[in-house]
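> My questions all concern the structure below.
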Amino acid sequence: MRSVIWWIRRDLRLSDNQALTAALGAADVVIPVYILDPKLLTSPTASQNRIGFMFDGLRMLDSDLRQRGSSLVVRKGDPFEMLHHLCRETEAVHIFAEADVSPYARQRDGRISRELPLTLTPGVTVHPPETLLKPDGTPYTVFTPFSRKWHSLSTPGRPLPAPKKFSSPPQLASLDLPDLPKSTSMSFFLGGEVEAQKRLDAFIDSNIYAYTDARNRVDLDGTSGLSPYLRFGMLSARQATWAAREAGARAQDPASRQGVETWLNELIWREFYATILYHFPEVLHTAFRPKLRIIRWHEDNDGFIAWSEGRTGYPIVDAAMCQLNASGWMHNRVRMITASFLVKDLLIDWRRGERYFMQHLLDGDPASNNGGWQWTAGMGTDAAPYFRIFNPVLQGKKFDPHEAFIRRWVPELSSIPDDYIHTPWAMPDDVQYQTGCRIGKNYPAPIVDHATARQYALVEYRRGKNEQ
DNA sequence: TTTTGAGTTGTTCGA
DNA sequence: GTCGAACAACTCAAA
């Protein structure tokens with residue numbers, strides 16, 4: 001009996017899995033393998049939350065496999081050594097895996113494919129990064145032309161169904177995944193492909209049609225909430241794209257169609273940043289735009305800690321950081337607001353914020369996270385102009401109009417009057433006493449004055465721009 | 001090769 | 001209260 005290995009990395013699903021399909025086409029017996037890589041588990045950007053979410057996904061995958069006569073083999077160690085060993089143990093003749101874009105993954109896979117028969121298939125993105133090039137063969141660095149090209153490429157094939165049955169694999173030792181203690185008091189995200197599909201179906205049934213405006217409201221569940229699932233491939237990019245196409249076909253009016261388009265665009269942004277990371281791996285440690293590499297960032301550890309713990313004195317920033325710390329997820333609008341605050345108001349190096357997000361986000365993806373931070377810092381491809389500085393008070397009023405988001409995540413502010421919720425420092429003393437929310441005691445005074453900080457950032461960015 | 005048009009997400013100021 | 005301009009030129013993509 002010929003057997004091959006299906007090496008699972010960030011494709012924790014049976015449906016629409018091109019690596020799995022290739023493996024099934026190549027042999028009678030497919031051995032599903034996940035390798036816990038100590039380098040990734042202990043990296044400075046690792047997150048216990050995210051690993052816990054992934055373990056949930058692996059357990060679900062194992063149970064899906066068991067229903068089909070197979071099971072997941074989990075090993076821990078250096079991927080090359082583990083695969084080498086497994087190939088001998090099982091006499092597997094080939095390894096199939098889904099190609100990834102991060103420098104670490106590409107280096108690892110490059111090394112392995114020189115020694116072992118490894119085939120990589122597409123799947124992390126709908127269109128593989130090496131196919132999304134300008135006519136002259138170089139990569140796009142501006143989103144809009146990139147998205148035009150993305151649309152012009154032939155429609156991706158229909159998502160593949162999950163295989164019904166596997167030939168039973170040999171009995172192999174497998175590690176039990178530890179049940180990681182979840183630091184999150186509220187678990188919003190259950191791992192696994194079934195949950196991902198459920199959420200996708202629900203989103204496509206209703207919220208997608210109002211997405212254009214609702215996605216910006218931090219107090220509503222207007223987003224798809226699919227990012228953690230896309231991160232680990234519990235849902236494939238192609239499945240998401242096809243679902244959007246189907247929703248587009250059902251849309252009744254221009255506004256609904258716009259909602260679908262806007263969401264599809266977000267998927268294309270994900271592909272854009274994956275493609276950028278593939279072609280420009282250096283973005284993980286330095287600004288994409290060399291000109292702005294000379295900003296003099298502030299050390300300001302106190303400021304950084306206040307930001308990370310949600311104690312800046314700006315309610316929308318603090319609520320967002322509390323949401324991240326408690327749930328492992330943050331609404332996209334407040335990702336921008338908190339990032340802008342760290343980079344422009346505190347003038348703290350964007351890479352510290354990038355790392356903090358990676359350490360907490362369930363959906364923490366090196367490419368998307370890096371792209372977002374570089375954009376906010378004005379350092380990236382297609383970057384925000386340096387003078388675009390979010391005003392945390394205006395943003396709060398605009399995108400949390402009923403203050404529900406702030407009241408939910410910053411309980412200290414839950415009882416103060418509407419008029420002061422976005423600017424609690426403006427509360428008169430008697431109101432502070434009446435509501436039991438005394439500024440500087442129960443809730444921090446602002447750690448910086450936004451107007452002053454803004455002027456300061458403008459001066460520094462202008463200097464950075466002009467000095468070369 | 002040169003030219004031209006365009007570029008995610010904002011804020012402030014002054015009329 | 002509303003609206004347009006300024007913020008700053010610069011780089012990229014494509015004709």
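Letters A, B, ... mark the chains of the structure tokens in the order given; residue numbers begin at 1 per chain; ligand numbers begin at 1, in order shown.
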Mind listing as a PDB file with C-alpha atoms, in the first residue's frame which residues of chain A are within 10 Å of chain C, counting only C-alpha atoms (C1' of nucleotides)?

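The resulting selection.pdb:
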```
ATOM      1  CA  LYS A 134       2.640  43.461 -13.110  1.00  0.00           C
ATOM      2  CA  PRO A 135       3.140  42.889 -16.825  1.00  0.00           C
ATOM      3  CA  TYR A 140       2.421  45.399  -7.221  1.00  0.00           C
ATOM      4  CA  THR A 141       2.934  47.757  -4.309  1.00  0.00           C
ATOM      5  CA  VAL A 142      -0.296  49.736  -4.647  1.00  0.00           C
ATOM      6  CA  THR A 144      -5.935  49.376  -6.363  1.00  0.00           C
ATOM      7  CA  PRO A 145      -3.968  48.089  -9.368  1.00  0.00           C
ATOM      8  CA  PHE A 146      -3.338  44.894  -7.403  1.00  0.00           C
ATOM      9  CA  ASP A 382       0.144  52.548  -0.185  1.00  0.00           C
ATOM     10  CA  PRO A 385      -0.380  60.121   4.481  1.00  0.00           C
ATOM     11  CA  TYR A 386       1.751  61.173   7.432  1.00  0.00           C
ATOM     12  CA  PHE A 387      -0.712  63.887   8.414  1.00  0.00           C
ATOM     13  CA  ARG A 388      -3.573  61.436   8.760  1.00  0.00           C
ATOM     14  CA  LEU A 458       3.520  66.213  12.445  1.00  0.00           C
ATOM     15  CA  ARG A 462       7.926  66.209   8.419  1.00  0.00           C
TER      16      ARG A 462
END
```
> Select, as a PyMOL selection string, those residues of chain A with any atom no more than 12 Å from chain B (distances computed using only C-alpha atoms (C1' of nucleotides)).
chain A and resi 141-145+212-213+215-216+262+265-266+268-269+332-337+340+372+375-376+381-395+450-451+454-455
> DSSP on the backbone, alpha helix (DSSP H) only: what residues of segment 386-450 of chain A does that give? Format it as a ChimeraX atom specification.
/A:392-399,404-409,429-435,450
> Can you pull out every residue within 10 Å of segment 348-351 of chain A, counting only C-alpha atoms (C1' of nucleotides), but drop anything in the same chain fewer than 6 positions away, and send it as number ranges by chain?
A: 284-287, 295-301, 303-304, 339-342, 357, 370, 373-379
